[in-house]
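Next comes target-v1.cif, with mmCIF, C-alpha atoms.
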```
data_data
#
loop_
_atom_site.group_PDB
_atom_site.id
_atom_site.type_symbol
_atom_site.label_atom_id
_atom_site.label_comp_id
_atom_site.auth_asym_id
_atom_site.auth_seq_id
_atom_site.Cartn_x
_atom_site.Cartn_y
_atom_site.Cartn_z
ATOM 1 C CA MET A 188 88.084 65.524 85.712
ATOM 2 C CA SER A 189 86.688 62.933 83.361
ATOM 3 C CA ASP A 190 86.683 63.316 79.595
ATOM 4 C CA ILE A 191 83.385 64.293 77.995
ATOM 5 C CA PRO A 192 82.340 61.569 75.520
ATOM 6 C CA ASN A 193 81.586 62.543 71.950
ATOM 7 C CA PRO A 194 77.761 62.221 71.720
ATOM 8 C CA ILE A 195 77.931 61.376 68.039
ATOM 9 C CA GLY A 196 80.829 58.923 68.218
ATOM 10 C CA SER A 197 78.491 55.934 68.356
ATOM 11 C CA PHE A 198 77.405 56.540 64.776
ATOM 12 C CA GLU A 199 80.906 55.828 63.406
ATOM 13 C CA ILE A 200 80.134 52.181 62.618
ATOM 14 C CA PHE A 201 81.399 51.624 59.085
ATOM 15 C CA ALA A 202 84.859 50.385 58.093
ATOM 16 C CA PRO A 203 87.143 52.444 55.781
ATOM 17 C CA LYS A 204 86.934 49.893 52.966
ATOM 18 C CA LYS A 205 83.181 50.390 52.768
ATOM 19 C CA ILE A 206 83.757 54.129 52.473
ATOM 20 C CA LYS A 207 85.900 53.524 49.398
ATOM 21 C CA ALA A 208 83.265 51.262 47.896
ATOM 22 C CA LEU A 209 80.694 53.953 48.397
ATOM 23 C CA LYS A 210 82.735 56.472 46.433
ATOM 24 C CA ARG A 211 82.773 54.236 43.353
ATOM 25 C CA LYS A 212 79.006 53.962 43.213
ATOM 26 C CA LYS A 213 76.651 56.433 41.694
ATOM 27 C CA PRO A 214 75.156 58.605 44.402
ATOM 28 C CA ASN A 215 71.555 57.820 45.165
ATOM 29 C CA ALA A 216 69.016 59.725 47.196
ATOM 30 C CA PHE A 217 70.452 58.467 50.469
ATOM 31 C CA THR A 218 74.051 59.439 49.712
ATOM 32 C CA LYS A 219 72.919 62.866 48.549
ATOM 33 C CA LEU A 220 71.058 63.220 51.797
ATOM 34 C CA SER A 221 74.175 62.265 53.760
ATOM 35 C CA LYS A 222 76.175 65.020 52.064
ATOM 36 C CA LYS A 223 73.533 67.566 52.959
ATOM 37 C CA ILE A 224 73.552 66.355 56.523
ATOM 38 C CA ALA A 225 77.334 66.588 56.692
ATOM 39 C CA LYS A 226 77.090 70.243 55.720
ATOM 40 C CA LYS A 227 74.511 71.001 58.371
ATOM 41 C CA LEU A 228 75.662 68.991 61.359
ATOM 42 C CA PHE A 229 76.623 71.959 63.531
ATOM 43 C CA GLY A 230 73.618 72.949 65.533
ATOM 44 C CA LYS A 231 71.156 71.118 63.196
ATOM 45 C CA LYS A 232 68.870 68.189 63.954
ATOM 46 C CA PHE A 233 69.025 65.202 61.722
ATOM 47 C CA VAL A 234 67.443 61.769 61.505
ATOM 48 C CA THR A 235 69.318 58.537 60.892
ATOM 49 C CA LYS A 236 67.628 55.354 59.842
ATOM 50 C CA THR A 237 68.602 51.864 60.898
ATOM 51 C CA ARG A 238 70.991 49.961 58.661
ATOM 52 C CA ALA A 239 68.231 47.541 57.710
ATOM 53 C CA GLU A 240 66.288 50.399 56.154
ATOM 54 C CA LEU A 241 69.200 51.580 54.006
ATOM 55 C CA ARG A 242 70.497 49.965 50.862
ATOM 56 C CA GLU A 243 73.741 51.914 51.262
ATOM 57 C CA PRO A 244 75.307 53.207 54.456
ATOM 58 C CA ILE A 245 75.142 56.857 55.377
ATOM 59 C CA ILE A 246 78.517 57.956 56.684
ATOM 60 C CA THR A 247 78.140 60.256 59.649
ATOM 61 C CA PRO A 248 81.599 61.339 60.874
ATOM 62 C CA PRO A 249 82.051 62.210 64.540
ATOM 63 C CA VAL A 250 81.704 65.936 65.070
ATOM 64 C CA GLN A 251 82.409 68.181 68.048
ATOM 65 C CA LEU A 252 79.303 70.290 68.436
ATOM 66 C CA ASP A 253 79.989 73.981 68.831
ATOM 67 C CA LYS A 254 78.297 75.346 71.928
ATOM 68 C CA PRO A 255 78.796 78.678 73.626
ATOM 69 C CA LYS A 256 81.331 78.216 76.407
ATOM 70 C CA LYS A 257 80.993 79.879 79.778
ATOM 71 C CA PRO A 258 82.899 79.487 83.032
ATOM 72 C CA ALA A 259 81.526 76.781 85.264
ATOM 73 C CA PHE A 260 82.068 78.950 88.332
ATOM 74 C CA GLN A 261 82.028 82.593 89.328
ATOM 75 C CA ILE A 262 84.832 83.972 91.514
ATOM 76 C CA VAL A 263 83.511 86.816 93.680
ATOM 77 C CA TRP A 264 84.343 88.610 96.915
ATOM 78 C CA ALA A 265 81.535 89.158 99.400
ATOM 79 C CA SER A 266 80.417 92.778 99.501
ATOM 80 C CA THR A 267 77.280 92.483 101.645
ATOM 81 C CA LEU A 268 76.336 90.870 104.940
ATOM 82 C CA GLY A 269 74.058 88.520 103.028
ATOM 83 C CA GLU A 270 76.965 87.233 100.940
ATOM 84 C CA ILE A 271 79.089 86.717 104.051
ATOM 85 C CA LYS A 272 76.224 84.705 105.540
ATOM 86 C CA GLU A 273 76.226 82.490 102.454
ATOM 87 C CA ALA A 274 79.867 81.635 103.155
ATOM 88 C CA GLN A 275 79.138 81.100 106.843
ATOM 89 C CA ARG A 276 76.215 78.826 106.004
ATOM 90 C CA LEU A 277 78.403 76.647 103.766
ATOM 91 C CA ARG A 278 81.060 76.523 106.474
ATOM 92 C CA TYR A 279 78.520 75.358 109.045
ATOM 93 C CA LYS A 280 77.200 72.703 106.675
ATOM 94 C CA VAL A 281 80.681 71.316 106.034
ATOM 95 C CA PHE A 282 82.347 71.724 109.416
ATOM 96 C CA ALA A 283 79.457 71.125 111.830
ATOM 97 C CA GLU A 284 76.958 68.948 109.969
ATOM 98 C CA GLU A 285 79.370 66.917 107.867
ATOM 99 C CA MET A 286 82.559 66.811 109.960
ATOM 100 C CA GLY A 287 81.061 67.116 113.428
ATOM 101 C CA ALA A 288 82.950 70.219 114.565
ATOM 102 C CA ASN A 289 81.894 71.684 117.900
ATOM 103 C CA LEU A 290 80.799 75.148 116.761
ATOM 104 C CA ALA A 291 78.911 77.818 118.676
ATOM 105 C CA MET A 292 75.134 77.465 118.408
ATOM 106 C CA ASN A 293 73.593 79.705 115.767
ATOM 107 C CA ALA A 294 69.878 79.966 115.038
ATOM 108 C CA GLU A 295 70.530 80.578 111.332
ATOM 109 C CA GLY A 296 72.868 77.619 110.899
ATOM 110 C CA LEU A 297 75.951 79.783 110.393
ATOM 111 C CA ASP A 298 79.590 79.348 111.408
ATOM 112 C CA VAL A 299 80.450 82.734 112.917
ATOM 113 C CA ASP A 300 83.412 83.921 114.954
ATOM 114 C CA GLU A 301 85.035 87.230 115.866
ATOM 115 C CA PHE A 302 87.463 87.175 112.917
ATOM 116 C CA ASP A 303 84.724 87.227 110.253
ATOM 117 C CA THR A 304 84.129 90.965 110.649
ATOM 118 C CA TYR A 305 87.778 91.693 109.874
ATOM 119 C CA CYS A 306 88.160 89.281 106.958
ATOM 120 C CA ASP A 307 87.544 89.422 103.226
ATOM 121 C CA HIS A 308 85.426 86.473 102.102
ATOM 122 C CA LEU A 309 86.088 84.733 98.795
ATOM 123 C CA LEU A 310 83.087 82.961 97.269
ATOM 124 C CA ILE A 311 82.851 80.479 94.414
ATOM 125 C CA ARG A 312 79.385 80.258 92.878
ATOM 126 C CA ASP A 313 77.961 77.622 90.606
ATOM 127 C CA GLN A 314 77.424 79.489 87.340
ATOM 128 C CA ASP A 315 74.005 77.940 86.763
ATOM 129 C CA THR A 316 72.451 77.962 90.240
ATOM 130 C CA LEU A 317 74.488 80.836 91.774
ATOM 131 C CA LYS A 318 74.822 78.681 94.898
ATOM 132 C CA VAL A 319 77.998 79.252 96.931
ATOM 133 C CA VAL A 320 79.966 76.000 96.638
ATOM 134 C CA GLY A 321 83.379 77.039 97.936
ATOM 135 C CA THR A 322 84.852 79.676 100.220
ATOM 136 C CA TYR A 323 87.975 81.040 101.909
ATOM 137 C CA ARG A 324 88.258 83.882 104.345
ATOM 138 C CA VAL A 325 91.299 86.147 104.188
ATOM 139 C CA LEU A 326 92.661 88.319 106.998
ATOM 140 C CA PRO A 327 94.855 91.071 105.494
ATOM 141 C CA PRO A 328 97.730 92.522 107.547
ATOM 142 C CA HIS A 329 96.084 95.852 108.406
ATOM 143 C CA LYS A 330 93.000 94.042 109.693
ATOM 144 C CA ALA A 331 95.146 91.594 111.669
ATOM 145 C CA GLN A 332 96.784 94.593 113.306
ATOM 146 C CA GLU A 333 93.362 96.023 114.043
ATOM 147 C CA ILE A 334 92.092 92.880 115.794
ATOM 148 C CA GLY A 335 95.500 92.411 117.407
ATOM 149 C CA ARG A 336 96.343 88.857 116.313
ATOM 150 C CA LEU A 337 95.995 86.120 113.757
ATOM 151 C CA TYR A 338 93.707 83.134 114.168
ATOM 152 C CA SER A 339 96.878 81.019 114.039
ATOM 153 C CA ASP A 340 98.127 82.725 117.205
ATOM 154 C CA SER A 341 95.561 80.707 119.150
ATOM 155 C CA GLU A 342 97.151 77.434 117.992
ATOM 156 C CA PHE A 343 100.827 78.296 117.601
ATOM 157 C CA ASP A 344 103.639 80.372 119.068
ATOM 158 C CA LEU A 345 104.485 82.516 116.033
ATOM 159 C CA SER A 346 107.311 84.516 117.585
ATOM 160 C CA ARG A 347 109.819 83.419 114.930
ATOM 161 C CA ILE A 348 107.730 84.867 112.115
ATOM 162 C CA ASN A 349 106.527 88.066 113.782
ATOM 163 C CA HIS A 350 108.699 90.102 111.418
ATOM 164 C CA LEU A 351 106.679 88.766 108.449
ATOM 165 C CA ARG A 352 103.298 89.983 109.695
ATOM 166 C CA PRO A 353 103.234 93.287 107.703
ATOM 167 C CA LYS A 354 103.388 91.426 104.391
ATOM 168 C CA LEU A 355 101.362 88.284 105.022
ATOM 169 C CA VAL A 356 97.690 87.434 104.810
ATOM 170 C CA GLU A 357 96.108 84.653 106.795
ATOM 171 C CA LEU A 358 93.843 82.151 105.075
ATOM 172 C CA GLY A 359 91.220 80.191 106.932
ATOM 173 C CA ARG A 360 87.878 78.387 106.964
ATOM 174 C CA SER A 361 88.450 76.915 103.501
ATOM 175 C CA CYS A 362 85.755 74.457 102.447
ATOM 176 C CA VAL A 363 84.009 73.085 99.376
ATOM 177 C CA HIS A 364 80.462 71.730 99.157
ATOM 178 C CA GLN A 365 80.494 67.935 99.153
ATOM 179 C CA ASP A 366 78.881 67.783 95.694
ATOM 180 C CA TYR A 367 81.671 69.849 94.104
ATOM 181 C CA ARG A 368 84.911 68.228 95.253
ATOM 182 C CA SER A 369 86.336 67.374 91.849
ATOM 183 C CA GLY A 370 89.186 69.879 92.122
ATOM 184 C CA ALA A 371 87.726 72.573 89.887
ATOM 185 C CA VAL A 372 86.405 74.623 92.811
ATOM 186 C CA ILE A 373 89.792 74.533 94.571
ATOM 187 C CA MET A 374 91.422 75.767 91.366
ATOM 188 C CA ALA A 375 88.908 78.613 91.213
ATOM 189 C CA LEU A 376 89.562 79.488 94.863
ATOM 190 C CA TRP A 377 93.312 79.570 94.303
ATOM 191 C CA SER A 378 92.905 81.730 91.214
ATOM 192 C CA GLY A 379 90.865 84.202 93.253
ATOM 193 C CA LEU A 380 93.486 84.240 96.010
ATOM 194 C CA ALA A 381 96.334 84.795 93.545
ATOM 195 C CA GLN A 382 94.526 87.777 92.008
ATOM 196 C CA TYR A 383 93.866 89.181 95.495
ATOM 197 C CA MET A 384 97.530 88.877 96.479
ATOM 198 C CA GLN A 385 98.775 90.529 93.313
ATOM 199 C CA LYS A 386 96.206 93.322 93.411
ATOM 200 C CA ASN A 387 97.111 94.266 96.993
ATOM 201 C CA GLY A 388 100.855 93.673 96.778
ATOM 202 C CA TYR A 389 100.993 90.932 99.416
ATOM 203 C CA GLU A 390 103.727 88.301 99.328
ATOM 204 C CA ILE A 391 102.983 85.581 101.899
ATOM 205 C CA MET A 392 99.969 83.377 102.628
ATOM 206 C CA LEU A 393 99.788 81.699 106.028
ATOM 207 C CA GLY A 394 97.193 79.338 107.423
ATOM 208 C CA CYS A 395 96.326 76.173 109.305
ATOM 209 C CA ALA A 396 96.015 73.168 107.000
ATOM 210 C CA SER A 397 93.763 70.666 108.748
ATOM 211 C CA ILE A 398 93.981 66.877 108.885
ATOM 212 C CA PRO A 399 90.876 64.985 110.105
ATOM 213 C CA MET A 400 91.381 62.929 113.261
ATOM 214 C CA ALA A 401 88.593 60.385 112.979
ATOM 215 C CA ASP A 402 91.195 57.660 113.642
ATOM 216 C CA GLY A 403 92.499 59.357 116.778
ATOM 217 C CA GLY A 404 95.463 61.044 115.100
ATOM 218 C CA HIS A 405 97.470 58.135 113.667
ATOM 219 C CA PHE A 406 96.975 59.372 110.101
ATOM 220 C CA ALA A 407 98.056 62.897 111.042
ATOM 221 C CA ALA A 408 101.154 61.661 112.864
ATOM 222 C CA SER A 409 102.119 59.459 109.925
ATOM 223 C CA LEU A 410 101.615 62.270 107.450
ATOM 224 C CA TYR A 411 103.805 64.640 109.440
ATOM 225 C CA ASN A 412 106.535 61.993 109.772
ATOM 226 C CA SER A 413 106.447 61.391 106.017
ATOM 227 C CA LEU A 414 107.233 65.004 105.109
ATOM 228 C CA GLY A 415 110.602 65.545 103.447
ATOM 229 C CA ASN A 416 113.101 68.262 104.317
ATOM 230 C CA ASP A 417 112.220 70.052 101.091
ATOM 231 C CA GLN A 418 108.600 70.301 102.264
ATOM 232 C CA MET A 419 109.481 71.861 105.611
ATOM 233 C CA ALA A 420 110.161 75.565 106.099
ATOM 234 C CA PRO A 421 113.622 76.646 107.244
ATOM 235 C CA THR A 422 114.102 76.420 111.010
ATOM 236 C CA GLU A 423 114.006 80.192 111.433
ATOM 237 C CA PHE A 424 110.356 80.165 110.275
ATOM 238 C CA HIS A 425 109.161 77.359 112.536
ATOM 239 C CA ALA A 426 106.162 77.771 114.843
ATOM 240 C CA PHE A 427 105.368 75.741 117.940
ATOM 241 C CA PRO A 428 101.980 74.150 118.748
ATOM 242 C CA ARG A 429 100.309 75.342 121.930
ATOM 243 C CA LEU A 430 98.499 71.994 122.176
ATOM 244 C CA PRO A 431 100.792 69.551 120.343
ATOM 245 C CA LEU A 432 99.523 66.300 118.920
ATOM 246 C CA PRO A 433 101.178 63.574 121.077
ATOM 247 C CA LEU A 434 103.249 62.072 118.269
ATOM 248 C CA ASP A 435 105.130 59.685 120.571
ATOM 249 C CA LYS A 436 101.862 58.005 121.605
ATOM 250 C CA LEU A 437 100.553 57.485 118.074
ATOM 251 C CA ASN A 438 101.350 55.082 115.265
ATOM 252 C CA GLY A 439 103.297 57.414 112.999
ATOM 253 C CA GLY A 440 104.527 54.818 110.559
ATOM 254 C CA LEU A 441 101.457 54.296 108.392
ATOM 255 C CA ASP A 442 101.695 54.575 104.609
ATOM 256 C CA VAL A 443 99.506 57.625 103.946
ATOM 257 C CA GLN A 444 98.853 60.236 101.286
ATOM 258 C CA PRO A 445 98.141 63.905 102.110
ATOM 259 C CA PRO A 446 94.536 65.125 101.958
ATOM 260 C CA PRO A 447 93.825 66.828 98.599
ATOM 261 C CA LEU A 448 94.155 70.378 99.920
ATOM 262 C CA ILE A 449 97.504 69.802 101.643
ATOM 263 C CA LYS A 450 98.741 67.842 98.643
ATOM 264 C CA GLY A 451 97.837 70.797 96.446
ATOM 265 C CA TYR A 452 99.588 73.259 98.747
ATOM 266 C CA LEU A 453 102.785 71.212 98.654
ATOM 267 C CA LYS A 454 102.677 70.943 94.873
ATOM 268 C CA LEU A 455 102.292 74.709 94.635
ATOM 269 C CA GLY A 456 105.448 75.163 96.696
ATOM 270 C CA ALA A 457 104.080 75.750 100.201
ATOM 271 C CA LYS A 458 106.181 74.842 103.230
ATOM 272 C CA ILE A 459 105.114 73.291 106.523
ATOM 273 C CA CYS A 460 106.206 75.425 109.476
ATOM 274 C CA SER A 461 105.222 73.280 112.457
ATOM 275 C CA ALA A 462 104.497 69.949 114.007
ATOM 276 C CA PRO A 463 100.744 69.253 114.175
ATOM 277 C CA ALA A 464 98.635 71.105 116.722
ATOM 278 C CA TRP A 465 95.414 69.548 117.987
ATOM 279 C CA ASP A 466 92.270 71.633 117.498
ATOM 280 C CA PRO A 467 89.702 70.025 119.828
ATOM 281 C CA ASP A 468 86.752 72.072 118.542
ATOM 282 C CA PHE A 469 87.204 70.861 114.977
ATOM 283 C CA ASN A 470 88.871 67.577 116.006
ATOM 284 C CA THR A 471 91.650 68.129 113.507
ATOM 285 C CA ALA A 472 95.421 68.162 113.547
ATOM 286 C CA ASP A 473 96.584 71.474 112.072
ATOM 287 C CA LEU A 474 99.856 72.139 110.274
ATOM 288 C CA LEU A 475 100.932 75.756 109.962
ATOM 289 C CA THR A 476 101.525 76.253 106.260
ATOM 290 C CA MET A 477 103.269 79.116 104.466
ATOM 291 C CA LEU A 478 103.290 79.936 100.757
ATOM 292 C CA ARG A 479 105.326 82.766 99.250
ATOM 293 C CA LEU A 480 104.290 83.991 95.811
ATOM 294 C CA SER A 481 107.960 84.117 94.831
ATOM 295 C CA GLU A 482 108.295 80.393 95.582
ATOM 296 C CA ILE A 483 105.281 79.094 93.658
ATOM 297 C CA ASN A 484 106.216 76.127 91.504
ATOM 298 C CA PRO A 485 106.953 77.495 87.988
ATOM 299 C CA ARG A 486 104.601 74.863 86.535
ATOM 300 C CA TYR A 487 101.672 76.672 88.158
ATOM 301 C CA ALA A 488 102.912 80.267 88.283
ATOM 302 C CA LYS A 489 101.682 81.038 84.769
ATOM 303 C CA HIS A 490 98.221 79.665 85.474
ATOM 304 C CA PHE A 491 97.670 81.492 88.757
ATOM 305 C CA LEU A 492 99.917 84.541 88.433
ATOM 306 C CA GLY A 493 100.236 85.012 84.684
ATOM 307 C CA LEU A 494 104.043 84.722 84.913
#
```
Represent the structure contained in this file as structure tokens.
Amino acid sequence: MSDIPNPIGSFEIFAPKKIKALKRKKPNAFTKLSKKIAKKLFGKKFVTKTRAELREPIITPPVQLDKPKKPAFQIVWASTLGEIKEAQRLRYKVFAEEMGANLAMNAEGLDVDEFDTYCDHLLIRDQDTLKVVGTYRVLPPHKAQEIGRLYSDSEFDLSRINHLRPKLVELGRSCVHQDYRSGAVIMALWSGLAQYMQKNGYEIMLGCASIPMADGGHFAASLYNSLGNDQMAPTEFHAFPRLPLPLDKLNGGLDVQPPPLIKGYLKLGAKICSAPAWDPDFNTADLLTMLRLSEINPRYAKHFLGL
């Protein structure tokens, strides 16, 4: 996030020695005017004249204008079918139109599947336009039991973590509008998720973190090979891809950096539980990723959990 420039900073054009010289002179109409202006800078309009018009300089110190502050984004949970459709419309725009995912045809331009009915849908709205600019869907454990599986079950053999199902939620379909990918929306999404977990007493978040495969999978293979032991989950929590990415046939030695979302997960303290699985519909390589609230990096725990 870039710094916001001081809009009045450009008026600070006089050297300190000239300020001292000004103090020794008898105030004239212009210097009196400058004092009045200095007292009324906050929220007041004022006029400055060019230096050629002034016999003595008017000193206008840089000032931070006081403006009412409001959150840039709203964090809300969908409570109506219309709100769910807003999330589905953003998902379709990102996954199908932008990334070329092979999604089921929908007359309304929505990304819809059977899990949506069972999930809670987190929405991030632009405070000014109220447009949905980011979303996650969350499958809580009682709803996973109701549908009979997790979405991740379709990509991985999860038998080693079956005992964790009663206390984990599954995250999925995370996306951010292409005009809002500065990081602030992801932070808002994670704040909403943290509040959800604490409110409902859940401990574990599980989900498929996706890596684009526009290059045929070389990037994904290299990223997986670059992971350190401290970034991998213990062996007893490993899952096994049903359609593994053929790592031995790819160039897995490239110097790569994780996509922003995966990089953020790892910084938070998430662990990778699998080798990459290939999702042909989305043309991504997916890493099963697990984050326990108790293992969140202390640097971020206070921000997201208030600890």
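Residue selection for this entry, given the PyMOL selection byres ((chain A and resi 393-398) around 8), comprises Ser339, Leu355, Val356, Glu357, Leu358, Gly359, Ile391, Met392, Pro399, Met400, Ala407, Pro446, Leu448, Ile449, Thr471, Ala472, Asp473, Leu474, Leu475, Thr476, Met477 and Leu478 of chain A.
Here CA of Phe469 in chain A stands at a distance of 18.6 Å from CA of Leu434 in chain A.
Taking CA of Asp344 in chain A and CA of Ala464 in chain A as the two end points, the separation is 10.8 Å.
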| message | Report as a ChimeraX atom specification all protein, DNA and RNA residues lying within 10 Å of Gly451 in chain A, evaluated on all atoms listed in the file, omitting residues in the same chain fewer than 4 positions from it. | response | /A:370,373-374,445-447,455-457
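On the file presented, the PyMOL selection byres ((chain A and resi 305-320) around 6) picks out A:Ala259, A:Phe260, A:Gln261, A:Ile262, A:Val263, A:Trp264, A:Ala265, A:Phe302, A:Asp303, A:Thr304, A:Gly321, A:Thr322, A:Tyr323, A:Arg324, A:Val325, A:Leu326, A:Lys330, A:Val363, A:His364.
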